[in-house]
file query.txt (compact mmCIF, C-alpha atoms)
# COMPACT_ATOMS: atom_id res chain seq x y z
CA MET K 23 245.57 -84.43 322.93
CA LYS K 24 248.72 -82.75 324.19
CA GLU K 25 251.25 -81.24 321.76
CA ILE K 26 255.00 -81.45 322.41
CA THR K 27 256.98 -78.57 320.87
CA SER K 28 260.49 -79.03 322.30
CA LYS K 29 262.85 -81.80 323.42
CA GLU K 30 262.81 -80.40 326.96
CA GLN K 31 259.03 -80.64 327.06
CA LEU K 32 259.19 -84.16 325.63
CA LEU K 33 261.61 -85.38 328.30
CA HIS K 34 259.59 -83.68 331.04
CA GLN K 35 256.43 -85.39 329.80
CA VAL K 36 258.12 -88.80 329.56
CA GLU K 37 259.53 -88.43 333.06
CA ASN K 38 256.00 -87.96 334.42
CA ASP K 39 254.49 -90.87 332.46
CA GLU K 40 254.62 -94.37 333.89
CA LYS K 41 253.86 -96.20 330.63
CA ILE K 42 254.52 -95.22 327.03
CA VAL K 43 253.44 -96.62 323.67
CA ILE K 44 255.09 -95.29 320.50
CA VAL K 45 252.69 -95.23 317.56
CA GLN K 46 254.28 -94.81 314.13
CA HIS K 47 256.01 -96.57 311.24
CA LYS K 48 259.12 -98.49 312.25
CA ARG K 49 261.70 -96.00 310.99
CA VAL K 50 260.17 -93.23 313.13
CA ALA K 51 259.69 -95.57 316.07
CA ARG K 52 263.34 -96.64 316.00
CA VAL K 53 264.56 -93.04 316.23
CA LEU K 54 262.29 -92.26 319.19
CA THR K 55 263.07 -95.52 320.96
CA ARG K 56 266.83 -95.04 320.61
CA TYR K 57 266.48 -91.50 321.96
CA LEU K 58 264.44 -92.49 325.01
CA GLN K 59 266.79 -95.39 325.73
CA ARG K 60 269.78 -93.03 325.58
CA GLU K 61 267.96 -90.76 328.04
CA GLU K 62 267.37 -93.82 330.28
CA TYR K 63 263.60 -93.90 329.83
CA GLY K 64 263.58 -97.05 327.74
CA GLU K 65 261.96 -99.20 330.44
CA LYS K 66 258.82 -97.07 330.22
CA ILE K 67 258.13 -98.09 326.61
CA GLN K 68 255.50 -100.85 326.75
CA GLU K 69 255.33 -101.52 323.01
CA ILE K 70 255.60 -100.03 319.55
CA LEU K 71 252.35 -99.94 317.57
CA THR K 72 253.08 -99.87 313.84
CA LEU K 73 250.48 -98.93 311.24
CA LEU K 74 251.56 -101.61 308.77
CA PRO K 75 250.30 -105.20 309.18
CA LEU K 76 252.83 -107.68 310.55
CA MET K 77 253.00 -111.44 310.07
CA GLN K 78 254.02 -111.80 313.71
CA LYS K 79 255.24 -109.75 316.64
CA LYS K 80 258.73 -108.33 316.29
CA LYS K 81 261.29 -106.68 318.49
CA ILE K 82 262.72 -103.22 317.88
CA LEU K 83 265.57 -102.37 320.23
CA GLY K 84 264.23 -105.00 322.61
CA VAL K 85 260.68 -103.56 322.59
CA SER K 86 257.71 -105.55 321.24
CA CYS K 87 256.46 -104.23 317.91
CA VAL K 88 252.83 -105.05 317.10
CA ASP K 89 250.13 -104.04 314.65
CA ARG K 90 246.59 -103.03 315.57
CA SER K 91 245.31 -106.63 315.41
CA MET K 92 247.85 -107.81 318.01
CA THR K 93 247.17 -105.41 320.84
CA GLN K 94 244.63 -103.82 323.15
CA VAL K 95 244.64 -100.46 324.86
CA ILE K 96 247.17 -100.50 327.69
CA GLU K 97 245.67 -99.02 330.83
CA ASP K 98 247.28 -95.76 332.03
CA ALA K 99 249.64 -95.68 329.05
CA VAL K 100 250.32 -92.48 327.11
CA TYR K 101 250.45 -92.94 323.35
CA TYR K 102 253.09 -90.90 321.52
CA VAL K 103 252.61 -89.94 317.86
CA VAL K 104 254.97 -87.85 315.70
CA LYS K 105 253.22 -85.09 313.74
CA LEU K 106 254.51 -85.81 310.23
CA PRO K 107 254.56 -83.61 307.08
CA LYS K 108 251.53 -83.79 304.78
CA ASP K 109 249.42 -84.99 307.74
CA LEU K 110 250.81 -88.51 307.49
CA HIS K 111 250.23 -88.91 311.22
CA LYS K 112 246.46 -88.53 311.03
CA GLU K 113 245.89 -92.22 310.38
CA ALA K 114 247.66 -93.06 313.65
CA VAL K 115 245.56 -90.56 315.61
CA GLU K 116 242.34 -91.89 314.05
CA ILE K 117 243.28 -95.48 314.94
CA LEU K 118 243.94 -94.50 318.54
CA ARG K 119 240.60 -92.72 318.79
CA GLU K 120 238.86 -95.78 317.38
CA PHE K 121 240.60 -97.80 320.09
CA GLY K 122 239.27 -95.41 322.70
CA VAL K 123 242.70 -94.08 323.70
CA GLU K 124 242.35 -90.87 325.70
CA GLN K 125 245.97 -89.97 326.48
CA ILE K 126 247.76 -88.95 323.27
CA CYS K 127 250.91 -86.85 322.97
CA LEU K 128 251.57 -85.35 319.53
CA ILE K 129 255.29 -84.64 319.02
CA ASP K 130 256.06 -81.75 316.69
CA TYR K 131 257.87 -82.90 313.54
CA GLU K 132 260.78 -80.49 314.05
CA VAL K 133 261.39 -81.97 317.51
CA PHE K 134 261.52 -85.45 316.02
CA ALA K 135 263.74 -84.30 313.12
CA ALA K 136 266.22 -82.69 315.56
CA ILE K 137 266.41 -85.96 317.53
CA SER K 138 267.04 -87.90 314.32
CA GLN K 139 269.70 -85.44 313.13
CA GLU K 140 271.61 -85.71 316.41
CA GLU K 141 272.17 -89.45 316.03
CA ASN K 142 273.53 -89.20 312.48
CA PRO K 143 276.95 -87.94 311.34
CA LYS K 144 277.02 -84.31 310.23
CA LEU K 145 277.45 -83.72 306.50
CA ASP K 146 278.44 -80.41 304.93
CA PHE K 147 277.17 -81.32 301.48
CA LEU K 148 275.34 -84.09 299.69
CA CYS K 149 274.84 -84.87 296.00
CA CYS K 150 271.31 -86.29 295.79
CA GLY K 151 270.93 -86.95 292.07
CA PHE K 152 270.70 -88.02 289.42
CA THR K 153 271.78 -91.50 288.26
CA LYS K 154 273.76 -91.53 284.98
CA CYS K 155 274.22 -87.76 285.13
CA GLY K 156 277.95 -87.54 285.90
CA THR K 157 277.92 -88.21 289.64
CA THR K 158 280.83 -90.68 289.43
CA SER K 159 282.95 -88.11 287.60
CA LEU K 160 282.05 -85.50 290.21
CA SER K 161 282.95 -87.94 292.98
CA ASN K 162 286.35 -88.60 291.40
CA ALA K 163 287.00 -84.86 291.05
CA LEU K 164 286.06 -83.98 294.63
CA ARG K 165 288.19 -86.81 296.03
CA GLN K 166 291.23 -85.04 294.60
CA HIS K 167 290.63 -82.05 296.87
CA PRO K 168 292.57 -82.24 300.16
CA GLN K 169 289.86 -80.36 302.07
CA ILE K 170 287.03 -82.71 301.05
CA VAL K 171 286.27 -86.05 302.73
CA LEU K 172 283.96 -88.57 301.05
CA PRO K 173 283.11 -92.14 302.14
CA LYS K 174 285.05 -94.96 300.55
CA GLY K 175 283.15 -95.90 297.41
CA LYS K 176 280.70 -93.56 295.72
CA GLU K 177 277.47 -94.76 297.30
CA THR K 178 276.68 -96.02 300.80
CA PHE K 179 272.91 -96.44 300.19
CA TYR K 180 272.48 -95.50 303.86
CA LEU K 181 268.90 -94.31 303.48
CA HIS K 182 268.01 -97.62 301.84
CA TRP K 183 269.08 -99.74 304.83
CA ARG K 184 268.88 -97.46 307.86
CA ASN K 185 265.48 -98.89 308.80
CA LYS K 186 266.73 -102.49 308.72
CA TYR K 187 268.88 -102.37 311.85
CA ASP K 188 268.51 -101.08 315.38
CA ASP K 189 272.01 -99.57 315.29
CA SER K 190 272.06 -98.23 311.71
CA PRO K 191 273.48 -94.78 312.62
CA GLU K 192 276.38 -96.44 314.42
CA ILE K 193 277.04 -98.81 311.52
CA PHE K 194 277.05 -95.86 309.10
CA ARG K 195 279.36 -93.83 311.31
CA LYS K 196 281.77 -96.70 311.97
CA LYS K 197 282.02 -97.87 308.37
CA TYR K 198 281.87 -94.62 306.44
CA MET K 199 282.32 -91.54 308.61
CA SER K 200 285.51 -91.12 310.62
CA GLU K 201 285.72 -88.53 313.37
CA ARG K 202 285.56 -85.02 311.97
CA GLN K 203 288.79 -83.10 311.48
CA GLU K 204 288.84 -79.35 311.76
CA GLY K 205 288.99 -77.57 308.42
CA LYS K 206 287.64 -80.54 306.44
CA LEU K 207 284.35 -80.66 304.53
CA TYR K 208 282.43 -83.93 304.76
CA GLY K 209 280.09 -84.97 301.99
CA ASP K 210 278.52 -87.89 300.18
CA ILE K 211 277.52 -88.72 296.59
CA GLU K 212 274.21 -90.58 296.57
CA PRO K 213 272.31 -90.15 293.27
CA SER K 214 269.47 -92.41 294.41
CA TYR K 215 268.62 -89.96 297.21
CA HIS K 216 266.57 -87.84 294.80
CA LEU K 217 263.64 -89.89 296.12
CA SER K 218 264.32 -89.11 299.76
CA ALA K 219 263.94 -85.41 300.58
CA ARG K 220 262.33 -86.03 303.96
CA ASP K 221 264.85 -88.73 304.92
CA VAL K 222 267.76 -86.47 303.97
CA TYR K 223 266.32 -83.69 306.12
CA GLU K 224 265.75 -86.02 309.08
CA CYS K 225 269.25 -87.52 308.87
CA PHE K 226 271.48 -84.62 307.90
CA GLY K 227 269.62 -81.52 309.02
CA PRO K 228 268.57 -78.19 307.54
CA ASP K 229 272.08 -76.83 306.90
CA VAL K 230 273.46 -79.44 304.49
CA LYS K 231 274.25 -78.09 300.99
CA LEU K 232 272.56 -80.07 298.22
CA LEU K 233 273.82 -80.75 294.69
CA PHE K 234 271.77 -82.14 291.81
CA LEU K 235 273.42 -83.16 288.53
CA VAL K 236 271.01 -83.20 285.59
CA ARG K 237 271.39 -84.35 282.00
CA GLN K 238 269.33 -84.33 278.82
CA PRO K 239 266.54 -86.56 280.20
CA SER K 240 265.98 -88.77 277.15
CA LYS K 241 269.69 -89.58 276.94
CA ALA K 242 269.85 -90.11 280.71
CA THR K 243 266.92 -92.53 280.46
CA TYR K 244 268.61 -94.58 277.75
CA SER K 245 271.90 -94.64 279.65
CA TYR K 246 270.05 -95.76 282.78
CA PHE K 247 268.27 -98.48 280.81
CA LYS K 248 271.57 -99.83 279.47
CA MET K 249 272.91 -99.89 283.04
CA LEU K 250 269.90 -102.03 284.00
CA MET K 251 270.66 -104.35 281.09
CA ARG K 252 274.28 -104.56 282.24
CA ARG K 253 273.52 -104.98 285.93
CA PRO K 254 269.83 -105.86 286.38
CA ARG K 255 268.25 -104.70 289.62
CA LYS K 256 265.08 -106.75 289.21
CA LYS K 257 264.36 -110.27 288.03
CA LYS K 258 262.02 -108.65 285.49
CA TYR K 259 265.01 -107.29 283.57
CA VAL K 260 266.61 -110.73 283.48
CA ASP K 261 263.37 -112.05 281.98
CA TYR K 262 263.68 -109.52 279.14
CA TYR K 263 266.69 -111.53 278.00
CA ARG K 264 264.73 -114.78 278.17
CA GLN K 265 262.17 -113.31 275.78
CA TYR K 266 264.45 -111.36 273.41
CA LYS K 267 267.48 -113.73 273.60
CA LYS K 268 269.93 -110.80 273.41
CA TYR K 269 270.03 -107.05 273.87
CA SER K 270 267.97 -104.97 271.46
CA VAL K 271 266.62 -101.42 271.35
CA ASP K 272 263.22 -103.10 271.03
CA ILE K 273 263.58 -103.92 274.74
CA PHE K 274 264.06 -100.20 275.37
CA SER K 275 260.72 -99.45 273.70
CA ARG K 276 259.04 -101.97 275.98
CA PHE K 277 260.83 -100.57 279.04
CA VAL K 278 259.71 -97.04 278.18
CA GLU K 279 256.10 -98.11 277.63
CA GLU K 280 255.95 -100.12 280.85
CA GLU K 281 257.96 -97.94 283.23
CA ILE K 282 258.54 -94.43 281.86
CA TYR K 283 255.25 -93.45 280.26
CA THR K 284 253.37 -95.04 283.17
CA GLU K 285 255.60 -92.96 285.50
CA MET K 286 256.58 -96.11 287.39
CA LYS K 287 260.09 -94.73 287.00
CA ASP K 288 260.10 -90.94 286.86
CA ARG K 289 263.58 -90.17 288.18
CA TYR K 290 264.29 -87.90 285.21
CA ARG K 291 261.39 -85.58 285.90
CA TYR K 292 263.95 -83.47 287.69
CA ASP K 293 261.59 -80.65 288.65
CA LYS K 294 259.35 -83.02 290.63
CA TRP K 295 262.13 -84.21 292.92
CA ILE K 296 263.80 -80.84 293.37
CA ARG K 297 260.44 -79.33 294.35
CA GLU K 298 260.13 -81.98 297.05
CA TYR K 299 263.49 -80.89 298.45
CA LEU K 300 262.32 -77.29 298.39
CA GLU K 301 259.64 -78.29 300.90
CA PHE K 302 262.41 -78.94 303.43
CA PHE K 303 265.35 -76.79 302.31
CA PRO K 304 265.68 -73.16 301.17
CA ALA K 305 266.51 -72.56 297.50
CA GLU K 306 269.91 -71.05 298.34
CA GLN K 307 271.06 -74.42 299.70
CA ILE K 308 270.35 -76.21 296.43
CA LYS K 309 272.56 -76.08 293.33
CA VAL K 310 271.59 -77.69 290.03
CA VAL K 311 274.54 -78.60 287.79
CA VAL K 312 274.06 -79.46 284.11
CA MET K 313 276.21 -82.48 283.24
CA GLU K 314 276.87 -81.34 279.66
CA GLU K 315 278.30 -78.07 281.01
CA LEU K 316 280.37 -79.88 283.62
CA ILE K 317 281.96 -81.98 280.87
CA ASN K 318 282.48 -79.11 278.42
CA ASN K 319 283.66 -76.51 280.95
CA PRO K 320 284.98 -78.38 284.01
CA THR K 321 287.26 -75.59 285.29
CA GLU K 322 284.47 -73.04 285.74
CA VAL K 323 281.75 -75.45 286.86
CA LEU K 324 283.95 -77.23 289.43
CA GLN K 325 284.99 -73.85 290.84
CA GLU K 326 281.30 -72.94 291.24
CA ILE K 327 280.68 -76.25 293.02
CA GLN K 328 283.62 -75.71 295.37
CA GLU K 329 282.41 -72.23 296.26
CA PHE K 330 278.88 -73.50 296.81
CA ILE K 331 279.84 -76.27 299.25
CA GLY K 332 282.15 -73.97 301.21
CA VAL K 333 285.67 -74.87 300.10
CA THR K 334 288.10 -72.23 301.37
CA GLN K 335 291.11 -73.35 299.31
CA LEU K 336 289.93 -73.62 295.72
CA LYS K 337 291.53 -76.28 293.54
CA HIS K 338 292.06 -75.55 289.85
CA TYR K 339 290.85 -78.38 287.64
CA GLU K 340 292.21 -78.42 284.12
CA LYS K 341 289.92 -81.28 283.18
CA LEU K 342 287.22 -83.47 284.66
CA PRO K 343 288.36 -86.95 285.77
CA TYR K 344 285.66 -88.31 283.50
CA SER K 345 284.27 -91.71 284.43
CA ASN K 346 282.03 -93.80 282.24
CA GLU K 347 281.13 -97.42 282.95
CA GLY K 348 280.79 -97.88 279.22
CA SER K 349 277.93 -99.06 277.10
CA GLY K 350 278.13 -102.73 278.03
CA VAL K 351 275.08 -104.96 278.39
CA SER K 352 274.62 -108.55 279.56
CA ARG K 353 275.45 -111.13 276.89
CA GLY K 354 272.31 -113.19 277.42
CA TRP K 355 269.87 -114.29 280.10
CA ILE K 356 272.35 -116.47 282.03
CA SER K 357 274.82 -113.59 282.07
CA ALA K 358 272.02 -111.24 283.08
CA TYR K 359 271.12 -113.50 286.00
CA ILE K 360 274.74 -113.64 287.23
CA ASN K 361 274.96 -109.84 286.94
CA TYR K 362 271.63 -109.53 288.77
CA ARG K 363 273.00 -111.54 291.68
CA TYR K 364 276.24 -109.53 291.58
CA TYR K 365 274.30 -106.28 291.96
CA ALA K 366 272.46 -107.74 294.94
CA ALA K 367 275.84 -108.61 296.47
CA ILE K 368 277.07 -105.04 295.98
CA ARG K 369 273.99 -103.56 297.61
CA GLY K 370 274.12 -106.11 300.43
CA LYS K 371 277.70 -105.35 301.40
CA LYS K 372 277.12 -101.63 301.89
CA GLU K 373 275.81 -101.96 305.44
CA HIS K 374 277.82 -104.99 306.59
CA LEU K 375 280.95 -104.35 308.58
CA GLU K 376 281.98 -107.92 307.77
CA ARG K 377 280.81 -110.45 305.19
CA SER K 378 280.53 -114.20 305.57
CA ARG K 379 282.98 -116.47 303.75
CA LYS K 380 280.19 -117.54 301.39
CA GLN K 381 279.36 -113.92 300.58
CA LYS K 382 283.02 -113.10 299.94
CA LEU K 383 283.42 -116.06 297.58
CA PHE K 384 280.31 -115.22 295.58
CA PHE K 385 281.25 -111.54 295.38
CA ARG K 386 284.71 -112.41 294.05
CA PHE K 387 283.30 -114.89 291.54
CA ALA K 388 280.64 -112.47 290.27
CA LYS K 389 283.16 -109.65 289.95
CA TRP K 390 285.51 -111.91 287.99
CA ALA K 391 282.64 -113.20 285.85
CA GLN K 392 281.79 -109.66 284.73
CA LYS K 393 284.65 -109.96 282.26
CA TYR K 394 282.67 -112.66 280.48
CA THR K 395 279.06 -111.74 281.21
CA VAL K 396 279.18 -108.19 279.82
CA LEU K 397 279.43 -107.34 276.14
CA GLU K 398 280.16 -103.86 274.81
CA ASN K 399 277.24 -102.51 272.81
CA GLU K 400 277.27 -99.16 271.03
CA GLU K 401 273.69 -99.38 269.77
CA LYS K 402 271.85 -96.08 270.23
CA MET K 403 268.18 -95.47 270.74
CA THR K 404 266.38 -94.66 267.52
CA GLU K 405 265.52 -91.11 266.44
CA GLU K 406 261.85 -91.95 266.87
CA GLN K 407 262.41 -93.21 270.42
CA LYS K 408 264.32 -90.04 271.31
CA ARG K 409 261.72 -87.77 269.72
CA GLU K 410 258.89 -89.42 271.67
CA LEU K 411 260.86 -89.24 274.92
CA ASP K 412 261.73 -85.58 274.30
CA ASP K 413 258.02 -84.83 273.89
CA PHE K 414 257.25 -86.71 277.10
CA TYR K 415 259.89 -84.87 279.14
CA ARG K 416 259.37 -81.39 277.63
CA PRO K 417 256.84 -80.12 280.25
CA SER K 418 259.16 -81.26 283.05
CA VAL K 419 262.15 -79.53 281.44
CA GLU K 420 260.13 -76.31 281.15
CA HIS K 421 259.36 -76.47 284.87
CA LEU K 422 263.03 -77.10 285.62
CA GLU K 423 263.96 -74.04 283.54
CA ILE K 424 261.65 -71.97 285.75
CA LEU K 425 263.31 -73.35 288.88
CA MET K 426 266.78 -72.61 287.50
CA GLY K 427 265.85 -69.27 285.97
CA ARG K 428 267.44 -70.12 282.61
CA SER K 429 266.82 -71.96 279.34
CA LEU K 430 268.11 -75.48 278.69
CA LYS K 431 266.68 -75.95 275.20
CA LYS K 432 269.89 -75.12 273.34
CA THR K 433 272.10 -77.18 275.67
CA TRP K 434 269.79 -80.17 275.45
CA GLU K 435 268.65 -79.69 271.85
CA MET K 436 264.98 -79.95 272.74

call {"tool": "encode", "arguments": {"input": "query.txt", "output": "structure tokens"}}
result
Amino acid sequence: MKEITSKEQLLHQVENDEKIVIVQHKRVARVLTRYLQREEYGEKIQEILTLLPLMQKKKILGVSCVDRSMTQVIEDAVYYVVKLPKDLHKEAVEILREFGVEQICLIDYEVFAAISQEENPKLDFLCCGFTKCGTTSLSNALRQHPQIVLPKGKETFYLHWRNKYDDSPEIFRKKYMSERQEGKLYGDIEPSYHLSARDVYECFGPDVKLLFLVRQPSKATYSYFKMLMRRPRKKKYVDYYRQYKKYSVDIFSRFVEEEIYTEMKDRYRYDKWIREYLEFFPAEQIKVVVMEELINNPTEVLQEIQEFIGVTQLKHYEKLPYSNEGSGVSRGWISAYINYRYYAAIRGKKEHLERSRKQKLFFRFAKWAQKYTVLENEEKMTEEQKRELDDFYRPSVEHLEILMGRSLKKTWEM
């Protein structure tokens, strides 16, 4: 097995090979295939062997994509595997050895990451978390700065759809990232990226500055839950309304039991996600901002953020352009279903340069219908619910305090 430790060595090896098979999950395979096609070696790629089972053969950038049940060893072909973090490539190597493949090239992960970074727009900073922790307010504040450029709309969800299309980097660049202007800082606010440390590294490189906004986790959880009741992301949340008829904090208890305590949803275990980023980025490139402090002392905290991301002309903020979607929830299950479809329309339009007439009509109707499908609800979680959640999150908060080198107990009343 030959190891490839530089792009120059990779291209030299490919030039000498007559046939190539790329062995990896589709998102990795797409990056390598695009790169080799740009370097005019695309005709050498015989097929892409993915580790996940497929219902039928597919095409990726014009190349057949197959699973292990759909192929046989191609004579004289060299099989290329990317050496992934946490040994995630070992399964691919084992499969090839079971197949009797003798010619394997193992591409160093940093070589692959550099190739991936080259095809994506350069970002100077990125806010990677967390949902319902003040990221919209931060976005509104940073947009007021003449030196800072953010995509239109707070979230692009790029990492959620970049593996769906052969030309995802070009779609992202064309729709959201104009050509860079000297003296400007380019960033993005993507609170759902807390899950995606490796993807962020592969797309935006080792030099991007990273911001994380955190909030008292029990309160963040409840705020997130009410957002799901206002704009359901899963059919399951619509079904809550079928069973309970209308919104109730009793639904929150069920949600917590089913998804928080089981750690199905653990987005507010902040230390876990930040530690994953520390596997790819040095600590000095990560800044954790406490939402309560941003709200109570916006002048000082926003100055710290500006200095961290590299602003050369500091803007004085008297107050935070505070944004809050409110405490609304769906009126009932029919309203919840309409709002569920509306959310799907929002997510679906993020990667489309143009929408069909049918999509435009539904999007307009659903947006208009929000006036009638959402009801303001000021109901709070109970003291018992908060106390139990505080106990659940306490170990995570203690680990976060170690990462930050300071106490949060007084700020968060835990």

call {"tool": "closest_residue", "arguments": {"input": "query.txt", "among": "K:His167, K:Lys256, K:Lys309, K:Lys81", "to": "Thr55 in chain K", "atoms": "only C-alpha atoms"}}
result
K:Lys81

call {"tool": "closest_residue", "arguments": {"input": "query.txt", "among": "K:Pro320, K:Gly332, K:Pro173, K:Pro239", "to": "Pro417 in chain K", "atoms": "all atoms listed in the file"}}
result
K:Pro239

call {"tool": "residues_around", "arguments": {"input": "query.txt", "residues": "range 404-414 of chain K", "least_positions_apart": "2", "cutoff": "10 Å", "atoms": "all atoms listed in the file", "output": "JSON, numbers by chain"}}
result
{"K": [238, 239, 240, 241, 243, 244, 271, 272, 274, 275, 278, 282, 283, 291, 401, 402, 416, 417, 418, 419, 434, 435, 436]}

call {"tool": "write_last_selection", "arguments": {"input": "query.txt", "atoms": "C-alpha atoms", "output": "PDB file, keeping the file's coordinate frame"}}
result
ATOM      1  CA  GLN K 238     269.330 -84.330 278.820  1.00  0.00           C
ATOM      2  CA  PRO K 239     266.540 -86.560 280.200  1.00  0.00           C
ATOM      3  CA  SER K 240     265.980 -88.770 277.150  1.00  0.00           C
ATOM      4  CA  LYS K 241     269.690 -89.580 276.940  1.00  0.00           C
ATOM      5  CA  THR K 243     266.920 -92.530 280.460  1.00  0.00           C
ATOM      6  CA  TYR K 244     268.610 -94.580 277.750  1.00  0.00           C
ATOM      7  CA  VAL K 271     266.620-101.420 271.350  1.00  0.00           C
ATOM      8  CA  ASP K 272     263.220-103.100 271.030  1.00  0.00           C
ATOM      9  CA  PHE K 274     264.060-100.200 275.370  1.00  0.00           C
ATOM     10  CA  SER K 275     260.720 -99.450 273.700  1.00  0.00           C
ATOM     11  CA  VAL K 278     259.710 -97.040 278.180  1.00  0.00           C
ATOM     12  CA  ILE K 282     258.540 -94.430 281.860  1.00  0.00           C
ATOM     13  CA  TYR K 283     255.250 -93.450 280.260  1.00  0.00           C
ATOM     14  CA  ARG K 291     261.390 -85.580 285.900  1.00  0.00           C
ATOM     15  CA  GLU K 401     273.690 -99.380 269.770  1.00  0.00           C
ATOM     16  CA  LYS K 402     271.850 -96.080 270.230  1.00  0.00           C
ATOM     17  CA  ARG K 416     259.370 -81.390 277.630  1.00  0.00           C
ATOM     18  CA  PRO K 417     256.840 -80.120 280.250  1.00  0.00           C
ATOM     19  CA  SER K 418     259.160 -81.260 283.050  1.00  0.00           C
ATOM     20  CA  VAL K 419     262.150 -79.530 281.440  1.00  0.00           C
ATOM     21  CA  TRP K 434     269.790 -80.170 275.450  1.00  0.00           C
ATOM     22  CA  GLU K 435     268.650 -79.690 271.850  1.00  0.00           C
ATOM     23  CA  MET K 436     264.980 -79.950 272.740  1.00  0.00           C
TER      24      MET K 436
END

call {"tool": "residues_around", "arguments": {"input": "query.txt", "residues": "Arg56 in chain K", "least_positions_apart": "5", "cutoff": "12 Å", "atoms": "all atoms listed in the file", "output": "NGL selection string"}}
result
:K and (44 or 48-51 or 61-65 or 67 or 82-85 or 134 or 137-138 or 140-141 or 187-192)

call {"tool": "residues_around", "arguments": {"input": "query.txt", "residues": "Tyr180 in chain K", "least_positions_apart": "5", "cutoff": "12 Å", "atoms": "only C-alpha atoms", "output": "PyMOL selection string"}}
result
chain K and resi 142-143+173+185-187+190-195+197-199+210-215+218+221-222+225-226+369-374

call {"tool": "closest_residue", "arguments": {"input": "query.txt", "among": "K:Val123, K:Tyr344, K:Val53, K:Tyr263", "to": "Met313 in chain K", "atoms": "only C-alpha atoms"}}
result
K:Tyr344

call {"tool": "closest_residue", "arguments": {"input": "query.txt", "among": "K:Leu235, K:Ile356, K:Ile296, K:Ile170", "to": "Arg264 in chain K", "atoms": "all atoms listed in the file"}}
result
K:Ile356

call {"tool": "atom_distance", "arguments": {"input": "query.txt", "atom1": "CA of Asn361 in chain K", "atom2": "CA of Phe247 in chain K"}}
result
14.5 Å

call {"tool": "residues_around", "arguments": {"input": "query.txt", "residues": "Gln203 in chain K", "least_positions_apart": "6", "cutoff": "12 Å", "atoms": "all atoms listed in the file", "output": "PyMOL selection string"}}
result
chain K and resi 144+168-171

call {"tool": "write_last_selection", "arguments": {"input": "query.txt", "atoms": "C-alpha atoms", "output": "PDB file, keeping the file's coordinate frame"}}
result
ATOM      1  CA  LYS K 144     277.020 -84.310 310.230  1.00  0.00           C
ATOM      2  CA  PRO K 168     292.570 -82.240 300.160  1.00  0.00           C
ATOM      3  CA  GLN K 169     289.860 -80.360 302.070  1.00  0.00           C
ATOM      4  CA  ILE K 170     287.030 -82.710 301.050  1.00  0.00           C
ATOM      5  CA  VAL K 171     286.270 -86.050 302.730  1.00  0.00           C
TER       6      VAL K 171
END

call {"tool": "residues_around", "arguments": {"input": "query.txt", "residues": "Met92 in chain K", "least_positions_apart": "5", "cutoff": "10 Å", "atoms": "all atoms listed in the file", "output": "list of chain:residue names"}}
result
K:Leu71, K:Pro75, K:Leu76, K:Gln78, K:Lys79, K:Cys87

call {"tool": "closest_residue", "arguments": {"input": "query.txt", "among": "K:Thr334, K:Thr157, K:Thr395, K:Thr27", "to": "Gly354 in chain K", "atoms": "all atoms listed in the file"}}
result
K:Thr395

call {"tool": "build_atoms", "arguments": {"input": "query.txt", "residues": "range 58-65 of chain K", "atoms": "N, CA, C and O atoms", "output": "PDB file, keeping the file's coordinate frame"}}
result
ATOM      1  N   LEU K  58     264.914 -92.293 323.643  1.00  0.00           N
ATOM      2  CA  LEU K  58     264.440 -92.490 325.010  1.00  0.00           C
ATOM      3  C   LEU K  58     265.315 -93.479 325.768  1.00  0.00           C
ATOM      4  O   LEU K  58     265.512 -93.337 326.985  1.00  0.00           O
ATOM      5  N   GLN K  59     265.865 -94.471 325.066  1.00  0.00           N
ATOM      6  CA  GLN K  59     266.790 -95.390 325.730  1.00  0.00           C
ATOM      7  C   GLN K  59     268.090 -94.685 326.108  1.00  0.00           C
ATOM      8  O   GLN K  59     268.637 -94.929 327.189  1.00  0.00           O
ATOM      9  N   ARG K  60     268.576 -93.801 325.237  1.00  0.00           N
ATOM     10  CA  ARG K  60     269.780 -93.030 325.580  1.00  0.00           C
ATOM     11  C   ARG K  60     269.530 -92.132 326.791  1.00  0.00           C
ATOM     12  O   ARG K  60     270.432 -91.914 327.611  1.00  0.00           O
ATOM     13  N   GLU K  61     268.309 -91.628 326.912  1.00  0.00           N
ATOM     14  CA  GLU K  61     267.960 -90.760 328.040  1.00  0.00           C
ATOM     15  C   GLU K  61     267.510 -91.561 329.262  1.00  0.00           C
ATOM     16  O   GLU K  61     267.033 -90.985 330.247  1.00  0.00           O
ATOM     17  N   GLU K  62     267.655 -92.890 329.168  1.00  0.00           N
ATOM     18  CA  GLU K  62     267.370 -93.820 330.280  1.00  0.00           C
ATOM     19  C   GLU K  62     265.890 -93.867 330.651  1.00  0.00           C
ATOM     20  O   GLU K  62     265.532 -94.054 331.816  1.00  0.00           O
ATOM     21  N   TYR K  63     265.034 -93.730 329.632  1.00  0.00           N
ATOM     22  CA  TYR K  63     263.600 -93.900 329.830  1.00  0.00           C
ATOM     23  C   TYR K  63     263.074 -95.114 329.062  1.00  0.00           C
ATOM     24  O   TYR K  63     261.862 -95.289 328.923  1.00  0.00           O
ATOM     25  N   GLY K  64     263.972 -95.938 328.576  1.00  0.00           N
ATOM     26  CA  GLY K  64     263.580 -97.050 327.740  1.00  0.00           C
ATOM     27  C   GLY K  64     262.638 -98.035 328.421  1.00  0.00           C
ATOM     28  O   GLY K  64     261.766 -98.630 327.773  1.00  0.00           O
ATOM     29  N   GLU K  65     262.792 -98.216 329.735  1.00  0.00           N
ATOM     30  CA  GLU K  65     261.960 -99.200 330.440  1.00  0.00           C
ATOM     31  C   GLU K  65     260.493 -98.786 330.486  1.00  0.00           C
ATOM     32  O   GLU K  65     259.609 -99.618 330.762  1.00  0.00           O
TER      33      GLU K  65
END
